[in-house]
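Trainee: Quick one: the structure is below, questions incoming.
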Amino acid sequence: MAENRLFTIRRRVMLIYTGGTIGMIRNPETGALETFNFAHLQKHVPELNEFDYVIRSYQFDPPIDSSDMQPELWTRIVEIIRYNYDEFDGFVILHGTDTMAYTASALSFMLENLSKPVILTGSQLPIGVLRTDGKENLINAIELAAACDENMRPRVPEVCVCFGQKLYRGNRVTKCNAENFNAFTSYNCAPLAVTGININFDETLIRHADAALPMVTHTQLDNSVIAITLFPGVRADVIEHVFRFPGIKGIVLRTFGSGNAPQKEWLLNAIRCATQDGKVVVNITQCQHGAVEMGLYATGQQLLAAGVVSGKDMTVECAVTKLMVLFGRGFSAEEVREQMSKCLAGELTE
């Protein structure tokens, strides 16, 4: 009688190195941090050999400092994922921390109906430094990208950020610390998973794509958007100039509290004129926790009457990139207003 054998299929993970601190090494002569070739990664993280995964890599050449990240580079990342989508079970993107929240937010809208993990990670210290946080972040990100259930389905088929033992939804994070290893947080959405001795997934939060629909990529972005923070004493002429500027299509207005703004006629008039000109004005709060509720106070109600759209509890990174993607898809101003109020990729608390 023939012996029964259990064949296991090795999980396949693609690493996409865009740049950032995690891929830097200190020059012993100058002391400056310089990028090193991605091929050296295995030397600095020998633990990667312990994974029973097929790991392949793609490196941006030259690597991109995250401060130089641009929408066209988001398109490049999406095209890499699209081209390799059927060959891999998950993707890990190594990225600088300064703009990681913007990239994660943008990718969440550019990869519609995503059914595989796309996990961004990085570090506060270079991978070659003794106390680096890069090793743990990278190892956790790879394991989460490959994680599957008993039916071989991905555990977290979303765009996420893995940092400091937490897995966050990508369009919910913001960088909150420039010095400590817990560089990111998600104020209005709990982590999707926490890595400790075990990996604990919050199944109630994780989103799953419609299996009947294919993954669709959106690679045209329109960066005709701007974010404005209100403050006591903000000048009327500056606001009026920005709201009238012909090259602007979308304005993210960072207001006070639950979505309040100064009760000044010049501000309301600027908003009304912008709305009539086909611009989309989105209201998000400057507060870290909570959401915009424009019907709560008279000041918020005035904004609503002037044509402002509630951004609810979106981060500024999310609101800006969502506008870029929606305008890039060719939607009209009215369609963009409607879509900004909808939860497309878990970016709003419903």
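Ligands are numbered from 1 in the order shown, chains are lettered A, B, ... in the order of the structure tokens, and residues start at 1 in each chain.
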Residues near region 328-343 of chain A, anyone? I mean within 12 Å using only C-alpha atoms, not counting same-chain ones fewer than 4 positions away, as a ChimeraX atom specification.
Mentor: /A:71-72,75,106,108-110,171,207,217-225,248-252,274-284,292,307-314,318-324,347-350
Trainee: Please give the complete set of residues from region 49-135 of chain A that DSSP, run on the backbone, assigns to strand (DSSP E), formatted as a list in words.
Mentor: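 Written out, the strand (DSSP E) residues of region 49-135 of chain A are Val54, Ile55, Arg56, Ser57, Tyr58, Gln59, Gly90, Phe91, Val92, Ile93, Leu94, Leu111, Glu112, Val118, Ile119, Leu120 and Thr121 of chain A.
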